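The file query-v7.pdb comes next; it holds PDB, C-alpha atoms, pLDDT in the B column.
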MODEL        1
ATOM      1  CA  MET A   1     -71.125-193.549  42.621  1.00 73.00           C
ATOM      2  CA  SER A   2     -74.696-193.787  41.400  1.00 92.00           C
ATOM      3  CA  VAL A   3     -76.063-197.076  40.135  1.00 96.00           C
ATOM      4  CA  GLU A   4     -76.055-197.407  36.351  1.00 95.00           C
ATOM      5  CA  LEU A   5     -76.652-200.332  34.035  1.00 96.00           C
ATOM      6  CA  ASN A   6     -73.308-201.065  32.398  1.00 97.00           C
ATOM      7  CA  HIS A   7     -74.028-204.083  30.183  1.00 98.00           C
ATOM      8  CA  THR A   8     -76.360-206.983  29.644  1.00 98.00           C
ATOM      9  CA  ILE A   9     -76.014-210.238  27.753  1.00 98.00           C
ATOM     10  CA  ILE A  10     -78.516-210.983  25.001  1.00 98.00           C
ATOM     11  CA  HIS A  11     -78.784-214.621  23.972  1.00 98.00           C
ATOM     12  CA  ALA A  12     -79.038-215.114  20.231  1.00 98.00           C
ATOM     13  CA  ARG A  13     -79.134-217.916  17.677  1.00 98.00           C
ATOM     14  CA  ASP A  14     -76.294-216.099  15.892  1.00 98.00           C
ATOM     15  CA  LYS A  15     -74.590-213.313  17.836  1.00 98.00           C
ATOM     16  CA  ARG A  16     -73.245-211.553  14.751  1.00 98.00           C
ATOM     17  CA  GLU A  17     -76.590-211.608  12.929  1.00 98.00           C
ATOM     18  CA  SER A  18     -78.446-210.216  15.940  1.00 98.00           C
ATOM     19  CA  ALA A  19     -75.818-207.579  16.771  1.00 98.00           C
ATOM     20  CA  GLU A  20     -75.675-206.366  13.172  1.00 98.00           C
ATOM     21  CA  PHE A  21     -79.478-206.380  12.865  1.00 98.00           C
ATOM     22  CA  LEU A  22     -80.009-204.157  15.901  1.00 98.00           C
ATOM     23  CA  ALA A  23     -77.035-201.896  15.192  1.00 98.00           C
ATOM     24  CA  ASN A  24     -78.308-201.358  11.655  1.00 98.00           C
ATOM     25  CA  ILE A  25     -81.837-200.457  12.776  1.00 98.00           C
ATOM     26  CA  LEU A  26     -80.630-198.088  15.496  1.00 98.00           C
ATOM     27  CA  GLY A  27     -77.734-196.567  13.554  1.00 98.00           C
ATOM     28  CA  LEU A  28     -75.140-197.902  16.024  1.00 98.00           C
ATOM     29  CA  GLU A  29     -71.752-199.562  15.579  1.00 98.00           C
ATOM     30  CA  VAL A  30     -71.005-203.225  16.136  1.00 98.00           C
ATOM     31  CA  GLY A  31     -67.955-203.562  18.358  1.00 98.00           C
ATOM     32  CA  ALA A  32     -65.100-206.025  18.032  1.00 98.00           C
ATOM     33  CA  GLU A  33     -65.823-209.565  19.140  1.00 97.00           C
ATOM     34  CA  TRP A  34     -64.665-210.028  22.714  1.00 95.00           C
ATOM     35  CA  GLY A  35     -64.561-213.584  24.016  1.00 97.00           C
ATOM     36  CA  PRO A  36     -67.993-215.116  23.425  1.00 98.00           C
ATOM     37  CA  PHE A  37     -69.623-211.700  22.860  1.00 98.00           C
ATOM     38  CA  ILE A  38     -70.248-209.182  20.119  1.00 98.00           C
ATOM     39  CA  PRO A  39     -71.024-205.799  21.705  1.00 98.00           C
ATOM     40  CA  VAL A  40     -73.288-202.984  20.599  1.00 98.00           C
ATOM     41  CA  GLN A  41     -73.009-199.876  22.762  1.00 98.00           C
ATOM     42  CA  THR A  42     -75.802-197.332  23.163  1.00 98.00           C
ATOM     43  CA  SER A  43     -75.230-193.588  23.530  1.00 96.00           C
ATOM     44  CA  ASN A  44     -75.658-193.792  27.319  1.00 95.00           C
ATOM     45  CA  SER A  45     -72.758-196.296  27.415  1.00 95.00           C
ATOM     46  CA  VAL A  46     -74.834-199.412  28.089  1.00 98.00           C
ATOM     47  CA  THR A  47     -73.331-202.316  26.167  1.00 98.00           C
ATOM     48  CA  LEU A  48     -75.525-205.068  24.759  1.00 98.00           C
ATOM     49  CA  ASP A  49     -73.315-208.155  24.595  1.00 98.00           C
ATOM     50  CA  PHE A  50     -74.745-210.637  22.086  1.00 98.00           C
ATOM     51  CA  ALA A  51     -73.867-214.277  22.746  1.00 98.00           C
ATOM     52  CA  THR A  52     -74.694-217.297  20.601  1.00 98.00           C
ATOM     53  CA  VAL A  53     -76.554-220.021  22.505  1.00 98.00           C
ATOM     54  CA  PRO A  54     -78.605-223.012  21.356  1.00 97.00           C
ATOM     55  CA  ALA A  55     -81.942-221.767  19.990  1.00 94.00           C
ATOM     56  CA  GLY A  56     -83.881-223.943  22.431  1.00 95.00           C
ATOM     57  CA  SER A  57     -82.303-222.214  25.422  1.00 96.00           C
ATOM     58  CA  ILE A  58     -83.248-218.664  24.392  1.00 97.00           C
ATOM     59  CA  THR A  59     -85.798-217.033  26.661  1.00 97.00           C
ATOM     60  CA  VAL A  60     -87.453-214.266  24.688  1.00 96.00           C
ATOM     61  CA  GLN A  61     -86.900-210.867  26.269  1.00 98.00           C
ATOM     62  CA  HIS A  62     -88.062-207.301  25.624  1.00 98.00           C
ATOM     63  CA  TYR A  63     -85.676-204.396  25.003  1.00 98.00           C
ATOM     64  CA  ALA A  64     -86.898-200.799  24.700  1.00 98.00           C
ATOM     65  CA  PHE A  65     -84.791-197.977  23.294  1.00 98.00           C
ATOM     66  CA  LEU A  66     -85.500-194.296  23.909  1.00 98.00           C
ATOM     67  CA  ILE A  67     -84.452-192.379  20.800  1.00 98.00           C
ATOM     68  CA  SER A  68     -84.870-188.893  19.366  1.00 98.00           C
ATOM     69  CA  ASP A  69     -87.465-188.018  16.740  1.00 98.00           C
ATOM     70  CA  ALA A  70     -84.751-187.867  14.061  1.00 98.00           C
ATOM     71  CA  GLU A  71     -83.411-191.275  15.140  1.00 98.00           C
ATOM     72  CA  PHE A  72     -86.960-192.666  15.085  1.00 98.00           C
ATOM     73  CA  ASP A  73     -87.470-191.392  11.540  1.00 98.00           C
ATOM     74  CA  ALA A  74     -84.205-193.023  10.423  1.00 98.00           C
ATOM     75  CA  ALA A  75     -84.880-196.323  12.239  1.00 98.00           C
ATOM     76  CA  PHE A  76     -88.460-196.436  10.973  1.00 98.00           C
ATOM     77  CA  ALA A  77     -87.238-195.865   7.409  1.00 98.00           C
ATOM     78  CA  ARG A  78     -84.758-198.754   7.760  1.00 98.00           C
ATOM     79  CA  ILE A  79     -87.473-201.023   9.203  1.00 98.00           C
ATOM     80  CA  ARG A  80     -89.757-200.281   6.249  1.00 98.00           C
ATOM     81  CA  GLU A  81     -86.947-200.564   3.667  1.00 98.00           C
ATOM     82  CA  GLN A  82     -86.020-203.999   5.009  1.00 97.00           C
ATOM     83  CA  GLY A  83     -89.627-205.183   5.099  1.00 98.00           C
ATOM     84  CA  ILE A  84     -89.543-205.845   8.842  1.00 98.00           C
ATOM     85  CA  THR A  85     -92.984-206.360  10.345  1.00 98.00           C
ATOM     86  CA  TYR A  86     -93.716-203.781  13.046  1.00 98.00           C
ATOM     87  CA  TYR A  87     -96.573-203.158  15.436  1.00 98.00           C
ATOM     88  CA  ALA A  88     -98.040-200.318  17.470  1.00 98.00           C
ATOM     89  CA  ASP A  89     -98.450-202.643  20.459  1.00 97.00           C
ATOM     90  CA  PRO A  90     -96.439-205.345  22.226  1.00 95.00           C
ATOM     91  CA  HIS A  91     -99.154-207.970  21.697  1.00 95.00           C
ATOM     92  CA  GLN A  92     -98.850-207.628  17.907  1.00 96.00           C
ATOM     93  CA  LYS A  93    -102.517-206.791  17.394  1.00 97.00           C
ATOM     94  CA  GLN A  94    -101.825-203.601  15.383  1.00 98.00           C
ATOM     95  CA  PRO A  95     -99.439-204.536  12.543  1.00 98.00           C
ATOM     96  CA  GLY A  96     -98.141-201.824  10.262  1.00 98.00           C
ATOM     97  CA  GLU A  97     -98.983-199.064  12.753  1.00 98.00           C
ATOM     98  CA  ILE A  98     -97.057-196.939  15.229  1.00 98.00           C
ATOM     99  CA  ASN A  99     -98.315-195.627  18.562  1.00 98.00           C
ATOM    100  CA  ARG A 100     -98.339-192.072  19.859  1.00 97.00           C
ATOM    101  CA  HIS A 101     -98.150-192.654  23.598  1.00 93.00           C
ATOM    102  CA  TYR A 102     -97.271-189.699  25.841  1.00 92.00           C
ATOM    103  CA  GLY A 103     -96.976-187.325  22.904  1.00 94.00           C
ATOM    104  CA  GLY A 104     -94.245-189.357  21.216  1.00 97.00           C
ATOM    105  CA  ARG A 105     -94.040-192.199  18.743  1.00 98.00           C
ATOM    106  CA  GLY A 106     -93.246-195.843  19.250  1.00 98.00           C
ATOM    107  CA  LEU A 107     -93.275-199.237  17.612  1.00 98.00           C
ATOM    108  CA  TYR A 108     -92.360-202.855  18.253  1.00 98.00           C
ATOM    109  CA  PHE A 109     -90.525-205.374  16.067  1.00 98.00           C
ATOM    110  CA  MET A 110     -88.808-208.721  16.504  1.00 98.00           C
ATOM    111  CA  ASP A 111     -85.096-209.407  16.190  1.00 98.00           C
ATOM    112  CA  PRO A 112     -83.732-212.524  14.421  1.00 98.00           C
ATOM    113  CA  SER A 113     -83.786-214.535  17.692  1.00 98.00           C
ATOM    114  CA  GLY A 114     -87.367-213.575  18.545  1.00 97.00           C
ATOM    115  CA  HIS A 115     -86.662-210.873  21.125  1.00 98.00           C
ATOM    116  CA  GLY A 116     -89.187-208.045  21.228  1.00 98.00           C
ATOM    117  CA  MET A 117     -87.575-204.719  20.348  1.00 98.00           C
ATOM    118  CA  GLU A 118     -89.254-201.380  20.991  1.00 98.00           C
ATOM    119  CA  ILE A 119     -88.296-197.872  19.937  1.00 98.00           C
ATOM    120  CA  ILE A 120     -89.944-194.867  21.598  1.00 98.00           C
ATOM    121  CA  THR A 121     -89.427-191.123  21.455  1.00 98.00           C
ATOM    122  CA  GLN A 122     -90.983-190.358  24.868  1.00 97.00           C
ATOM    123  CA  PRO A 123     -90.498-192.296  28.090  1.00 94.00           C
ATOM    124  CA  TYR A 124     -93.650-193.733  29.590  1.00 88.00           C
ATOM    125  CA  ASP A 125     -95.576-191.609  32.083  1.00 80.00           C
ATOM    126  CA  THR A 126     -94.300-188.320  30.626  1.00 70.00           C
ATOM    127  CA  GLU A 127     -95.821-185.606  28.536  1.00 62.00           C
ATOM    128  CA  ALA A 128     -94.062-184.016  25.589  1.00 54.00           C
TER     129      ALA A 128
ENDMDL
END
Now that the file is in, can you turn its structure into structure tokens?
Amino acid sequence: MSVELNHTIIHARDKRESAEFLANILGLEVGAEWGPFIPVQTSNSVTLDFATVPAGSITVQHYAFLISDAEFDAAFARIREQGITYYADPHQKQPGEINRHYGGRGLYFMDPSGHGMEIITQPYDTEA
């Protein structure tokens, strides 16, 4: 068997709010609550298990999602419709812009718990 990431736990102030936020942006489904988790599964079967923890114990993380051009267009439209601030860079120096790294498009935005979310249409170090 090859090694694959199966799931990861994402700490959130409110697991339902964070799961629904990300699922909405990415056009994914929120799964049924399972124990302390609310899952969101990506198309490559990685499950993001959102868990509510005290806000002071959340360590901000970064999550990047490789999506198609059509999925980017849809996610970008939802980000703009909802008035979510987005950036072309992870240091938030280029608000309201997208990047075009490696012949694709990408942007960064924050989730309700402060995690940095990134959507890209080309993996890094590749050419379209």
Just checking: using only C-alpha atoms, which residue out of A:Leu26, A:Ile119, A:Leu5, A:Ala75 ends up closest to Thr47 of chain A?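 Of A:Leu26, A:Ile119, A:Leu5, A:Ala75, the one nearest Thr47 of chain A is A:Leu5, counting only C-alpha atoms.
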Would you mind listing what lies within 9 Å of segment 68-74 of chain A as an mmCIF file with C-alpha atoms, keeping the file's coordinate frame, with all atoms listed in the file counted and same-chain residues fewer than 4 positions away left out?
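Below is the file out_0.cif, written as the result:
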data_model
loop_
_atom_site.group_PDB
_atom_site.id
_atom_site.type_symbol
_atom_site.label_atom_id
_atom_site.label_comp_id
_atom_site.auth_asym_id
_atom_site.auth_seq_id
_atom_site.Cartn_x
_atom_site.Cartn_y
_atom_site.Cartn_z
ATOM 1 C CA ILE A 25 -81.837 -200.457 12.776
ATOM 2 C CA LEU A 26 -80.630 -198.088 15.496
ATOM 3 C CA GLY A 27 -77.734 -196.567 13.554
ATOM 4 C CA ARG A 78 -84.758 -198.754 7.760
ATOM 5 C CA ILE A 79 -87.473 -201.023 9.203
ATOM 6 C CA GLY A 104 -94.245 -189.357 21.216
ATOM 7 C CA ARG A 105 -94.040 -192.199 18.743
ATOM 8 C CA GLY A 106 -93.246 -195.843 19.250
ATOM 9 C CA ILE A 119 -88.296 -197.872 19.937
ATOM 10 C CA ILE A 120 -89.944 -194.867 21.598
ATOM 11 C CA THR A 121 -89.427 -191.123 21.455
ATOM 12 C CA GLN A 122 -90.983 -190.358 24.868
#
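Of the residues under consideration (A:Pro36, A:Ala77, A:Asn44, A:Leu66), A:Pro36 shows the shortest atom-to-atom contact distance to Asp14 of chain A when counting all atoms listed in the file.
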Which value, in Å to one decimal, gives the distance between atom CA of Leu107 of chain A and atom CA of Ala32 of chain A?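 So the two atoms, atom CA of Leu107 of chain A and atom CA of Ala32 of chain A, lie 29.0 Å apart.
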A:Glu118, A:Glu97, A:Glu33, A:Glu4: which is nearest Ala19 of chain A, counting all atoms listed in the file?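 When distances to Ala19 of chain A are compared using all atoms listed in the file, the smallest one comes from A:Glu33.
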Find the residues around Ile10 of chain A up to 8 Å (only C-alpha atoms counted), leave out those fewer than 5 positions away in its own chain, and share them as a PyMOL selection string. chain A and resi 48-51
Exercise: segment 89-95 of chain A partners within 10 Å, all atoms listed in the file, chain neighbours under 3 positions left out, as number ranges by chain: A: 62, 85-86, 98-99, 106-109, 116-118
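Residue neighbourhood of Val53 of chain A, excluding near-sequence residues (fewer than 5 positions): His11, Ala12, Arg13, Asp14 and Ile58 of chain A, at 8 Å, using all atoms listed in the file.
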Within 8 Å of (-87.4, -211.7, 25.6) (file coordinates; only C-alpha atoms), which protein or nucleic acid residues are there? I'd like them as an NGL selection string. :A and (59-63 or 114-116)
Starting from the displayed file, determine the output of the PyMOL selection byres ((chain A and resi 30) around 10) and express the residue list as a VMD selection string. chain A and resid 16 19 to 24 27 to 29 31 to 33 38 to 41 48
Please, what distance in Å, to one decimal, runs between atom CA of Gly96 of chain A and atom CA of Gln82 of chain A?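 Straight-line distance from atom CA of Gly96 of chain A to atom CA of Gln82 of chain A works out to 13.4 Å.
Taking atom CA of Tyr87 of chain A and atom CA of Ala64 of chain A as endpoints, the distance between them is 13.6 Å.
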Please determine an axis-aligned box that encloses all atoms of segment 35-43 of chain A listed in the file, with 8 Å added on each side, and express its centre and edge lengths in Å to one decimal as JSON.
{"center_x": -70.2, "center_y": -204.4, "center_z": 22.1, "size_x": 27.2, "size_y": 37.5, "size_z": 19.9}
Result set, the PyMOL selection byres ((chain A and resi 126) around 10) on current file, as a PyMOL selection string: chain A and resi 101-104+122-125+127-128
